[in-house]
Amino acid sequence: MAKKIPLVAEEMTPENKCSFCKNSKCCTYFTQQIDTPRKKSEFVHMLWQISHRDVQFYKDEDGWFLLVNSPCVHLLEGGGCGIYDSRPKICRDYDNDYCEYDASAEEGFELFFDSYDALLKYCKKRFKKWDGKKAKKGKQGSKKKEGKKSKG
């Protein structure tokens, strides 16, 4: 009779947690915090940025972020790191105590824009007089009044 060996589940720790993650989500994008956009011109710039492939924006409790979906070139097929021993400091400092293995980052988004159209819709709601163009200074109200002759 063959002896059955019971399978023991490996305990997850911060040191081995990444090995449980099959899609290595944290290595498939990067984010950059941006100043809170307030002016129309800042949103026009964001529309230009989001017009590029794999660019998104979100706002969460920490502020506004540019999100670029671009996997790390050192990410191996199985999800490991091809330069693990010499990986950048930001990767070494990454805290996986609570990461996207535990819950999707999107759950914490207050606002999320995954396309030009989504951001444009928000801009049109936010700015009552949105025309998609940066307002030019000094051009408004500069028309000559009819019937008034210029001297000269």
# chains A, B, ... in the order shown; residues from 1 in each chain; ligands from 1
>>> residues_around(residues="segment 78-85 of chain A", least_positions_apart="3", cutoff="6 Å", atoms="only C-alpha atoms", output="mmCIF file with N, CA and C atoms, in the first residue's frame")
data_model
loop_
_atom_site.group_PDB
_atom_site.id
_atom_site.type_symbol
_atom_site.label_atom_id
_atom_site.label_comp_id
_atom_site.auth_asym_id
_atom_site.auth_seq_id
_atom_site.Cartn_x
_atom_site.Cartn_y
_atom_site.Cartn_z
ATOM 1 N N SER A 24 2.061 39.323 -11.196
ATOM 2 C CA SER A 24 3.062 40.365 -10.902
ATOM 3 C C SER A 24 2.538 41.759 -11.235
ATOM 4 N N HIS A 74 12.427 43.812 -17.097
ATOM 5 C CA HIS A 74 13.128 42.749 -16.383
ATOM 6 C C HIS A 74 12.183 41.715 -15.780
ATOM 7 N N LEU A 75 10.896 41.877 -16.003
ATOM 8 C CA LEU A 75 9.895 40.944 -15.495
ATOM 9 C C LEU A 75 9.976 39.650 -16.297
#
>>> residues_around(residues="Phe30 of chain A", least_positions_apart="2", cutoff="9 Å", atoms="only C-alpha atoms", output="compact mmCIF listing (two decimals) with N, CA and C atoms, in the first residue's frame")
# COMPACT_ATOMS: atom_id res chain seq x y z
N CYS A 26 2.19 44.52 -9.73
CA CYS A 26 2.95 45.71 -9.33
C CYS A 26 4.11 46.01 -10.28
N CYS A 27 4.49 45.06 -11.10
CA CYS A 27 5.60 45.26 -12.03
C CYS A 27 5.13 45.50 -13.47
N THR A 28 3.83 45.75 -13.63
CA THR A 28 3.30 45.94 -14.98
C THR A 28 2.90 47.38 -15.27
N GLN A 32 3.02 58.11 -11.11
CA GLN A 32 3.74 59.32 -10.71
C GLN A 32 2.71 60.29 -10.15
N LEU A 66 -0.60 60.05 -12.39
CA LEU A 66 -0.46 59.59 -13.76
C LEU A 66 -0.11 58.11 -13.65
N LEU A 67 -0.78 57.26 -14.41
CA LEU A 67 -0.53 55.83 -14.39
C LEU A 67 -0.14 55.40 -15.80
N VAL A 68 1.01 54.76 -15.91
CA VAL A 68 1.48 54.29 -17.21
C VAL A 68 1.56 52.77 -17.16
N ASN A 69 0.74 52.12 -17.96
CA ASN A 69 0.72 50.66 -18.03
C ASN A 69 1.82 50.20 -18.97
N SER A 70 2.95 49.83 -18.38
CA SER A 70 4.10 49.40 -19.17
C SER A 70 4.91 48.43 -18.31
N PRO A 71 4.86 47.15 -18.62
CA PRO A 71 5.58 46.18 -17.79
C PRO A 71 7.08 46.43 -17.75
N CYS A 72 7.65 46.14 -16.61
CA CYS A 72 9.10 46.24 -16.44
C CYS A 72 9.78 45.31 -17.45
>>> select_by_dssp(residues="chain A", states="strand (DSSP E or B)", output="list of chain:residue names")
A:Phe30, A:Thr31, A:Gln32, A:Gln33, A:Ile34, A:Val55, A:Gln56, A:Phe57, A:Tyr58, A:Lys59, A:Asp60, A:Gly63, A:Trp64, A:Phe65, A:Leu66, A:Leu67, A:Val68, A:Leu75, A:Cys81, A:Leu111, A:Phe112, A:Phe113
>>> closest_atom_pairs(of="segment 29-52 of chain A", to="segment 103-112 of chain A", cutoff="12 Å", atoms="only C-alpha atoms", output="tab-separated table")
residue	atom	partner	partner_atom	distance
A:Tyr29	CA	A:Ala105	CA	11.9
A:Thr31	CA	A:Ala105	CA	11.7
A:Ile50	CA	A:Phe112	CA	11.8
